[in-house]
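To keep things clear, I will list the structure first and then write my remarks on it.
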Amino acid sequence: MQRLLLAGMAQCLGPVLLLLLLRLLLRSPSSAARNRCVDAAEACTADTRCQRLRTEYVAQCLGPTPTGGCPRARCHRALRRFFARGPPALTHALLFCPCGSTACAERRRQTFVPACAFLGPGRAPPSCLASLDACEHSGVCRPRLLAFQASCAPAPSAPDGCPRDQAPSCLRAYAGLVGTAVTPNYLDNASARVAPWCDCGVSGNRREECEAFRGLFTRNRCLDGAIQSLDSGWPPVLQDQLDSRQDLEHSLLQQVSSTDGPLEGSMLSMLLVLALQPLL
């Protein structure tokens, strides 16, 4: 329906007015400030393996069940396969994409279906000790948690407190926890803070142990630095995608500029869809 409306708009615009409209839209702040989460999703869709694995976990985590509940075990397995077998550049781009708006942040937080991947949000979070105990008794979760602790551990002797070139292994270990008893996610829509969905309010005489576990995520400068290092630059596959889109925009603008007569409807529709995409 949107494409039909855009095609109708295109037929009503002459080439000169259309060119001015395109230049304004393609250079507008909404177009210049690309949404990296959208770019990451598009790049995953374009990659056969990434898209197949993503489709699998979406089906398992969102698909209907006879009881109407959530098949959490199957959802967790599909999530673990996504990160174990998917291209890291694409899976990490989806998991750690930076956001500048509440709507983007909420979509990012919901990417890995927290309603099924873990309990919450929307209900009282469980005790972190329950999640930790479940992880320590799990042959899947325990080695992944140990790997995360080792890969994101600080190094007091390092200039910034973290080992050099630690970021890639830290991000891999963090991603490895998704789909386990301590599945982490963004805590809110206004920051890049991450942690399992749990708290330490009812930890009793194990409060210190509980806070230490939660602090692996909420007070981990090396994890924060690793996430920020990914935020500061796009993986080459995403940069290539952006470059190809910009090349297409430039090529289409050149075609409009060099056209004396009326443009064909298909080209007009393509131009308007491309220009208005950030606004739709």
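Just so we're on the same page: first chain in the structure tokens is A, next is B, and so on; residues restart at 1 for each chain, and ligands are numbered from 1 in the order they show up.
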6 Å contact set for stretch 139-148 of chain A, only C-alpha atoms, chain neighbours under 5 positions out, as a list in words: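 Counting only C-alpha atoms, the residues come to Ala173, Tyr174 and Thr180 of chain A.
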Okay, now the selection with N, CA and C atoms, as a PDB file, in the first residue's frame?
```pdb
ATOM      1  N   ALA A 173      32.246 -14.175  24.672  1.00  0.00           N
ATOM      2  CA  ALA A 173      31.857 -14.877  25.898  1.00  0.00           C
ATOM      3  C   ALA A 173      30.521 -14.352  26.418  1.00  0.00           C
ATOM      4  N   TYR A 174      30.314 -13.052  26.328  1.00  0.00           N
ATOM      5  CA  TYR A 174      29.034 -12.476  26.743  1.00  0.00           C
ATOM      6  C   TYR A 174      27.901 -13.030  25.883  1.00  0.00           C
ATOM      7  N   THR A 180      20.971 -19.138  28.119  1.00  0.00           N
ATOM      8  CA  THR A 180      21.299 -19.952  29.298  1.00  0.00           C
ATOM      9  C   THR A 180      20.452 -19.462  30.474  1.00  0.00           C
TER      10      THR A 180
END
```
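Across the structure, atom CA of A:Pro98 and atom CA of A:Arg77 are spaced 25.9 Å apart.
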query: How many Å lie between atom CA of A:Ala153 and atom CA of A:Leu90, rounded to one decimal?
result: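 These atoms are spaced 24.6 Å apart.
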- request: Pick out the closest residue to A:Cys97 from this set: A:Leu132, A:Val38, A:Cys152, A:Val194. Count only C-alpha atoms.
  value: A:Val38
message: Rounded to one decimal, what separation in Å do you get between atom CA of A:Glu208 and atom CA of A:Ser127?
response: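 Atom CA of A:Ser127 lies 13.1 Å from atom CA of A:Glu208.
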- prompt: Which residue gives the smallest distance to A:Cys70 among A:Ala155, A:Cys222, A:Val58, A:Val202, with only C-alpha atoms counted?
  reply: A:Val58
- prompt: With distances taken over only C-alpha atoms, which of A:Pro87, A:Gly100, A:Arg72, A:Glu136 is nearest to A:Thr48?
  reply: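 For A:Thr48, the nearest of the candidates is A:Pro87.
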message: Give me the residues near A:Glu106 as a ChimeraX atom specification, where near means some atom within 10 Å (using only C-alpha atoms) and where sequence neighbours in that chain fewer than 6 positions away do not count.
response: /A:99,186,188-190
Could you please take those selected residues and save C-alpha atoms as a tab-separated table (two decimals), in the first residue's frame?
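For reference, out-v7.tsv as written:
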```tsv
chain	number	residue	atom	x	y	z
A	99	CYS	CA	20.50	3.32	19.89
A	186	TYR	CA	19.76	-4.45	28.24
A	188	ASP	CA	16.40	-0.29	30.10
A	189	ASN	CA	15.86	1.82	26.99
A	190	ALA	CA	18.05	4.74	28.02
```
task: Identify, on the basis of only C-alpha atoms, every residue whose closest approach to A:Ala175 does not exceed 10 Å; exclude the query and any residue fewer than 5 positions from it along the same chain; express the result as a ChimeraX atom specification.
output: /A:79-80,82-84,88,91-92,95-96,144,148,169-170,183-185
